[in-house]
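Undergrad: I have a structure I would like to understand better, so I am pasting it below and will then ask my questions one at a time.
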Amino acid sequence: MITKFVNSSIKENKETVRPVFPFTAIVGQEEMKLALLLNVIDPKIGGVMIMGDRGTGKSTTIRAIADLLPKIEIIKDDLFNSHPTNVDLMSDENKKALQDGVDLTTSYINVPMIDLPLGATEDRVCGTIDIEKALTEGIKTFEPGLLAKANRGILYVDEVNLLDDHLVDILLDSAASGWNTVEREGISVRHPARFVLVGSGNPEEGELRPQLLDRFGMHAEIRTVKDPELRVQIVEQRTNFDQDPEQCIKDCQKTQNTLKQKIGEAQLLLSNITIDYDLRIKISQVCGELDVDGLRGDIVTNRAAKAYAAFNGQQNVKSSDISKVITLCLRHRLRKDPLETMDSGEKVQKVFNRIFEAEVI
């Protein structure tokens, strides 16, 4: 059966690109910024869930991170942003074409930053198959959804705690496996869907189920800034950007380029980072003492520590690197105790300090 891919969306005209608030101009919220940076250095960390008060810059920061990433090479006019050489990031059709020796034309695009609307349907997220055409003409006509557009990019879900659980399940499964499979009436189509999943929400509007929360690699908690001087600085930065976005972007260009280069170097260095056996043992000991279910906590903490070491240009992970990331990786994996007075993040740090003792440099 022939597979035909259809892009039903209106062809993107060369519209005026809306200016994006520079990432390096964002004041405070270091925990959120660190979690996002580590996820773009190593997408296998598994995304980040950002919970916090209204008006704390969650959406602004998430949209700003995509602007820091270098352009990616794709097969020209491909609906899935297929990688020209890496078969794990390539659609089955392009993979076959490559094996048959077809010369594939490539082009460069900005890293996709896809917003998933709260009212999106499963078909809009996963894509749809035209059953009638498949039965009558023998052609599998597939219309890609948002997961196809997000391949090799960032998928952002605002108010993820209000999204239907089955849709959150689909997103997390695709993010973990790197593939999206659509099956209708015995007809199946699959395509690569490897992306950094970023969710945000306000805890006052409800929490995610623990099973879903556990699937996010990291969990950042955002608080409203209390320091009056810092608040004034944030207001001034935002006012300057609103009045003259181009000048604000120009003023931050040097720091943006420096950070962009640092991210690129960290991505290249990541595969060479090592973490000593005794440190890995202690990470697992922390997870065990905190009664963390499963092994996701151990895996993510190891990956995040390596990404942080790469970001700082190191070859080996130190205890201080683990200290910086372990709360982000474990706080959402602890079992809820209604009688517990200690914050989950503080609990993680307390156990970490006891097990690692004076090692943190």
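Within each chain, counting starts at residue 1; across the structure tokens, chains are named A, B, ... in the order shown, with ligands numbered 1 upward in that order.
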Just list as an MDAnalysis selection string whatever in range 82-326 of chain A DSSP marks as helix (DSSP H, G or I).
TA: chainID A and resid 87:89 92:99 122:126 131:137 146:150 160:162 165:177 203:205 210:213 228:243 245:251 253:272 277:289 296:311 319:326
Undergrad: Mind checking which residues fall within 12 Å of Ile26 in chain A, counting only C-alpha atoms, ignoring those fewer than 2 positions away in the same chain, and posting them as a ChimeraX atom specification?
TA: /A:20-24,28-30,32-33,56-65,230-231,233-238,241,248-249,252,255-256
Undergrad: Select, from A:Asp130, A:Asp173, A:Asp244, A:Asp278, the residue with the minimum atom-to-atom distance to Leu147 in chain A, counting only C-alpha atoms.
TA: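 So, comparing all the options, the nearest one is A:Asp173.
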Undergrad: In range 145-260 of chain A, what's strand (DSSP E or B) per DSSP? Answer as an MDAnalysis selection string?
TA: chainID A and resid 154:158 179:184 187:192 196:201 218:222
Undergrad: Emit the selected residues as a CSV table (one decimal), in the first residue's frame, including N, CA, C and O atoms.
TA:
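Result saved to result33.csv:
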```csv
chain,number,residue,atom,x,y,z
A,154,ILE,N,11.0,21.4,20.4
A,154,ILE,CA,10.5,21.6,21.7
A,154,ILE,C,8.9,21.6,21.6
A,154,ILE,O,8.4,22.3,20.8
A,155,LEU,N,8.3,20.8,22.4
A,155,LEU,CA,6.8,20.8,22.4
A,155,LEU,C,6.4,21.4,23.8
A,155,LEU,O,6.7,20.8,24.8
A,156,TYR,N,5.7,22.5,23.7
A,156,TYR,CA,5.3,23.2,25.0
A,156,TYR,C,3.8,23.1,25.2
A,156,TYR,O,3.0,23.4,24.4
A,157,VAL,N,3.5,22.6,26.4
A,157,VAL,CA,2.1,22.4,26.8
A,157,VAL,C,1.8,23.3,28.0
A,157,VAL,O,2.3,23.0,29.2
A,158,ASP,N,1.2,24.5,27.8
A,158,ASP,CA,0.8,25.3,28.9
A,158,ASP,C,-0.4,24.7,29.6
A,158,ASP,O,-1.3,24.1,29.0
A,179,TRP,N,9.0,7.9,18.9
A,179,TRP,CA,8.2,7.6,17.7
A,179,TRP,C,6.7,7.8,18.0
A,179,TRP,O,6.3,7.6,19.2
A,180,ASN,N,6.0,8.1,17.0
A,180,ASN,CA,4.5,8.3,17.2
A,180,ASN,C,3.9,7.3,16.2
A,180,ASN,O,4.2,7.3,15.0
A,181,THR,N,3.0,6.4,16.7
A,181,THR,CA,2.3,5.4,15.8
A,181,THR,C,0.8,5.7,15.8
A,181,THR,O,0.2,5.9,16.9
A,182,VAL,N,0.3,5.9,14.6
A,182,VAL,CA,-1.2,6.1,14.4
A,182,VAL,C,-1.8,4.9,13.8
A,182,VAL,O,-1.4,4.5,12.7
A,183,GLU,N,-2.8,4.3,14.5
A,183,GLU,CA,-3.5,3.1,13.9
A,183,GLU,C,-5.0,3.4,13.9
A,183,GLU,O,-5.6,3.8,14.8
A,184,ARG,N,-5.5,3.1,12.7
A,184,ARG,CA,-6.9,3.3,12.5
A,184,ARG,C,-7.4,2.1,11.6
A,184,ARG,O,-6.9,1.9,10.5
A,187,ILE,N,-5.0,-0.1,9.8
A,187,ILE,CA,-3.9,0.7,9.0
A,187,ILE,C,-3.0,1.4,10.0
A,187,ILE,O,-3.5,2.1,10.9
A,188,SER,N,-1.7,1.3,9.8
A,188,SER,CA,-0.8,1.8,10.7
A,188,SER,C,0.3,2.7,10.0
A,188,SER,O,0.8,2.3,9.0
A,189,VAL,N,0.5,3.9,10.6
A,189,VAL,CA,1.6,4.8,10.1
A,189,VAL,C,2.4,5.2,11.3
A,189,VAL,O,1.8,5.5,12.4
A,190,ARG,N,3.7,5.3,11.1
A,190,ARG,CA,4.5,5.7,12.2
A,190,ARG,C,5.5,6.7,11.7
A,190,ARG,O,5.9,6.7,10.5
A,191,HIS,N,6.0,7.6,12.6
A,191,HIS,CA,7.0,8.6,12.2
A,191,HIS,C,7.8,9.0,13.4
A,191,HIS,O,7.4,8.9,14.6
A,192,PRO,N,9.0,9.6,13.2
A,192,PRO,CA,9.8,10.0,14.4
A,192,PRO,C,9.2,11.1,15.1
A,192,PRO,O,8.6,12.0,14.5
A,196,VAL,N,11.8,17.7,23.1
A,196,VAL,CA,11.9,18.0,24.5
A,196,VAL,C,10.5,18.4,24.9
A,196,VAL,O,9.9,19.4,24.4
A,197,LEU,N,9.9,17.7,25.9
A,197,LEU,CA,8.5,18.0,26.3
A,197,LEU,C,8.6,19.0,27.5
A,197,LEU,O,9.2,18.6,28.5
A,198,VAL,N,8.0,20.1,27.4
A,198,VAL,CA,8.0,21.1,28.5
A,198,VAL,C,6.5,21.4,28.8
A,198,VAL,O,5.8,21.8,28.0
A,199,GLY,N,6.2,21.2,30.1
A,199,GLY,CA,4.9,21.5,30.6
A,199,GLY,C,4.9,22.5,31.6
A,199,GLY,O,5.9,22.6,32.4
A,200,SER,N,3.9,23.3,31.7
A,200,SER,CA,3.8,24.3,32.8
A,200,SER,C,2.4,24.4,33.4
A,200,SER,O,1.5,23.9,32.7
A,201,GLY,N,2.3,24.8,34.6
A,201,GLY,CA,1.0,24.9,35.2
A,201,GLY,C,1.0,25.6,36.5
A,201,GLY,O,2.1,25.9,37.1
A,218,MET,N,12.4,16.2,34.8
A,218,MET,CA,12.7,17.2,35.9
A,218,MET,C,11.4,17.9,36.3
A,218,MET,O,10.4,18.0,35.5
A,219,HIS,N,11.4,18.5,37.5
A,219,HIS,CA,10.3,19.3,38.0
A,219,HIS,C,10.8,20.5,38.7
A,219,HIS,O,11.5,20.4,39.7
A,220,ALA,N,10.5,21.7,38.1
A,220,ALA,CA,11.0,22.9,38.7
A,220,ALA,C,9.8,23.6,39.3
A,220,ALA,O,8.7,23.7,38.8
A,221,GLU,N,10.0,24.2,40.5
A,221,GLU,CA,9.0,24.9,41.2
A,221,GLU,C,9.4,26.4,41.2
A,221,GLU,O,10.5,26.8,41.6
A,222,ILE,N,8.4,27.2,40.8
A,222,ILE,CA,8.7,28.7,40.6
A,222,ILE,C,7.9,29.4,41.7
A,222,ILE,O,6.7,29.2,41.9
```
Undergrad: If you count only C-alpha atoms, which residues fall within 8 Å of Gly178 in chain A, apart from same-chain ones fewer than 4 positions away, as a VMD selection string?
TA: chain A and resid 174 192 to 195
Undergrad: Give me, as a list in words, all polymer residues having an atom no more than 10 Å from Ile275 in chain A, counting only C-alpha atoms and skipping those fewer than 5 positions away in the same chain.
TA: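 Within the cut-off, the hits are Arg280, Asn302, Arg303, Ala305, Lys306, Ala309, Gln315, Asn316, Val317, Lys318 and Ser319 of chain A.
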Undergrad: Using N, CA, C and O atoms, can you write the selected residues to a file as a PDB file, in the first residue's frame?
TA:
```
ATOM      1  N   ARG A 280      27.840   7.261  41.576  1.00  0.00           N
ATOM      2  CA  ARG A 280      26.610   6.612  41.085  1.00  0.00           C
ATOM      3  C   ARG A 280      25.945   5.803  42.200  1.00  0.00           C
ATOM      4  O   ARG A 280      24.721   5.769  42.310  1.00  0.00           O
ATOM      5  N   ASN A 302      21.672  10.845  36.899  1.00  0.00           N
ATOM      6  CA  ASN A 302      22.960  10.592  36.241  1.00  0.00           C
ATOM      7  C   ASN A 302      23.098  11.407  34.964  1.00  0.00           C
ATOM      8  O   ASN A 302      24.132  12.038  34.712  1.00  0.00           O
ATOM      9  N   ARG A 303      22.044  11.415  34.158  1.00  0.00           N
ATOM     10  CA  ARG A 303      22.081  12.162  32.889  1.00  0.00           C
ATOM     11  C   ARG A 303      22.188  13.666  33.123  1.00  0.00           C
ATOM     12  O   ARG A 303      22.952  14.364  32.452  1.00  0.00           O
ATOM     13  N   ALA A 305      23.349  15.244  35.752  1.00  0.00           N
ATOM     14  CA  ALA A 305      24.666  15.599  36.319  1.00  0.00           C
ATOM     15  C   ALA A 305      25.717  15.665  35.210  1.00  0.00           C
ATOM     16  O   ALA A 305      26.578  16.560  35.204  1.00  0.00           O
ATOM     17  N   LYS A 306      25.645  14.729  34.266  1.00  0.00           N
ATOM     18  CA  LYS A 306      26.578  14.754  33.128  1.00  0.00           C
ATOM     19  C   LYS A 306      26.355  15.983  32.265  1.00  0.00           C
ATOM     20  O   LYS A 306      27.313  16.617  31.807  1.00  0.00           O
ATOM     21  N   ALA A 309      27.792  18.983  34.037  1.00  0.00           N
ATOM     22  CA  ALA A 309      29.256  18.974  33.950  1.00  0.00           C
ATOM     23  C   ALA A 309      29.704  19.429  32.555  1.00  0.00           C
ATOM     24  O   ALA A 309      30.653  20.208  32.422  1.00  0.00           O
ATOM     25  N   GLN A 315      35.234  17.325  32.357  1.00  0.00           N
ATOM     26  CA  GLN A 315      35.288  15.961  31.816  1.00  0.00           C
ATOM     27  C   GLN A 315      34.655  14.956  32.773  1.00  0.00           C
ATOM     28  O   GLN A 315      34.162  13.915  32.359  1.00  0.00           O
ATOM     29  N   ASN A 316      34.699  15.281  34.091  1.00  0.00           N
ATOM     30  CA  ASN A 316      34.183  14.368  35.111  1.00  0.00           C
ATOM     31  C   ASN A 316      33.121  15.061  35.968  1.00  0.00           C
ATOM     32  O   ASN A 316      33.222  16.262  36.237  1.00  0.00           O
ATOM     33  N   VAL A 317      32.142  14.285  36.393  1.00  0.00           N
ATOM     34  CA  VAL A 317      31.081  14.811  37.261  1.00  0.00           C
ATOM     35  C   VAL A 317      31.593  14.895  38.690  1.00  0.00           C
ATOM     36  O   VAL A 317      32.242  13.964  39.188  1.00  0.00           O
ATOM     37  N   LYS A 318      31.306  16.015  39.352  1.00  0.00           N
ATOM     38  CA  LYS A 318      31.683  16.200  40.757  1.00  0.00           C
ATOM     39  C   LYS A 318      30.422  16.157  41.624  1.00  0.00           C
ATOM     40  O   LYS A 318      29.306  16.276  41.125  1.00  0.00           O
ATOM     41  N   SER A 319      30.630  16.021  42.934  1.00  0.00           N
ATOM     42  CA  SER A 319      29.506  16.003  43.868  1.00  0.00           C
ATOM     43  C   SER A 319      28.686  17.284  43.781  1.00  0.00           C
ATOM     44  O   SER A 319      27.466  17.266  43.902  1.00  0.00           O
TER      45      SER A 319
END
```
Undergrad: Taking only C-alpha atoms into account, name the residue in A:Lys71, A:His166, A:Arg223, A:Arg152 that is nearest to Gly55 in chain A.
TA: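 The answer is A:Arg223, which sits nearest to Gly55 in chain A.
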Undergrad: Excluding Glu73 in chain A and any residue of its chain fewer than 2 positions from it, enumerate the residues within 8 Å of it, using only C-alpha atoms, and give them as a list in words.
TA: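 So, after excluding close chain neighbours, the residues are Lys71, Ile75, His83, Pro84, Thr106, Ser107, Tyr108 and Ile109 of chain A.
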Undergrad: Save out the residues we just selected, N, CA and C atoms, as a PDB file, in the first residue's frame.
TA:
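out.pdb was written with the following content:
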```pdb
ATOM      1  N   LYS A  71      20.500  26.292  14.323  1.00  0.00           N
ATOM      2  CA  LYS A  71      19.603  25.730  13.302  1.00  0.00           C
ATOM      3  C   LYS A  71      19.930  24.255  13.095  1.00  0.00           C
ATOM      4  N   ILE A  75      15.869  17.113   5.916  1.00  0.00           N
ATOM      5  CA  ILE A  75      15.617  16.786   4.511  1.00  0.00           C
ATOM      6  C   ILE A  75      14.590  17.781   3.997  1.00  0.00           C
ATOM      7  N   HIS A  83      16.154  13.917   9.969  1.00  0.00           N
ATOM      8  CA  HIS A  83      17.595  14.122   9.923  1.00  0.00           C
ATOM      9  C   HIS A  83      18.137  13.497   8.634  1.00  0.00           C
ATOM     10  N   PRO A  84      19.093  14.140   7.954  1.00  0.00           N
ATOM     11  CA  PRO A  84      19.574  13.600   6.670  1.00  0.00           C
ATOM     12  C   PRO A  84      20.428  12.341   6.792  1.00  0.00           C
ATOM     13  N   THR A 106      18.922  18.767   1.293  1.00  0.00           N
ATOM     14  CA  THR A 106      18.743  19.213   2.676  1.00  0.00           C
ATOM     15  C   THR A 106      18.606  20.731   2.761  1.00  0.00           C
ATOM     16  N   SER A 107      18.093  21.170   3.893  1.00  0.00           N
ATOM     17  CA  SER A 107      18.000  22.609   4.176  1.00  0.00           C
ATOM     18  C   SER A 107      18.104  22.802   5.689  1.00  0.00           C
ATOM     19  N   TYR A 108      18.263  24.051   6.131  1.00  0.00           N
ATOM     20  CA  TYR A 108      18.381  24.353   7.551  1.00  0.00           C
ATOM     21  C   TYR A 108      17.163  25.135   8.027  1.00  0.00           C
ATOM     22  N   ILE A 109      16.668  24.760   9.212  1.00  0.00           N
ATOM     23  CA  ILE A 109      15.524  25.476   9.800  1.00  0.00           C
ATOM     24  C   ILE A 109      15.822  25.780  11.270  1.00  0.00           C
TER      25      ILE A 109
END
```
Undergrad: Which neighbours of range 342-350 of chain A fall inside 9 Å, counting only C-alpha atoms, when residues of the same chain fewer than 2 positions from it are skipped, and could you give them as number ranges by chain?
TA: A: 286-287, 290, 323, 326-328, 330-332, 334, 336, 340, 352-355
Undergrad: Save out the residues we just selected, C-alpha atoms, as a tab-separated table (two decimals), in the first residue's frame.
TA:
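Printed below is out.tsv as written:
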```tsv
chain	number	residue	atom	x	y	z
A	286	VAL	CA	19.71	8.80	47.96
A	287	CYS	CA	16.91	7.44	45.74
A	290	LEU	CA	13.79	8.63	49.73
A	323	SER	CA	23.92	18.73	44.24
A	326	ILE	CA	19.28	16.16	42.21
A	327	THR	CA	16.38	18.18	43.65
A	328	LEU	CA	15.06	18.92	40.15
A	330	LEU	CA	13.69	13.72	42.43
A	331	ARG	CA	11.31	16.13	44.17
A	332	HIS	CA	8.26	15.04	42.10
A	334	LEU	CA	8.51	11.28	46.38
A	336	LYS	CA	2.91	12.30	49.14
A	340	GLU	CA	4.76	15.82	56.16
A	352	PHE	CA	21.70	14.25	49.76
A	353	ASN	CA	23.75	16.29	52.26
A	354	ARG	CA	23.79	13.44	54.76
A	355	ILE	CA	24.88	10.77	52.25
```
Undergrad: Return the single residue from A:Arg124, A:Lys149, A:Lys226, A:Arg215 that is closest to Val168 in chain A, with distances computed using only C-alpha atoms.
TA: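 With only C-alpha atoms as the atom set, the closest residue is A:Arg215.
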Undergrad: Would you work out the distance separating CA of Leu270 in chain A from CA of Asn312 in chain A, expressed in Å to one decimal?
TA: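 Here the two named atoms are 10.8 Å from each other.
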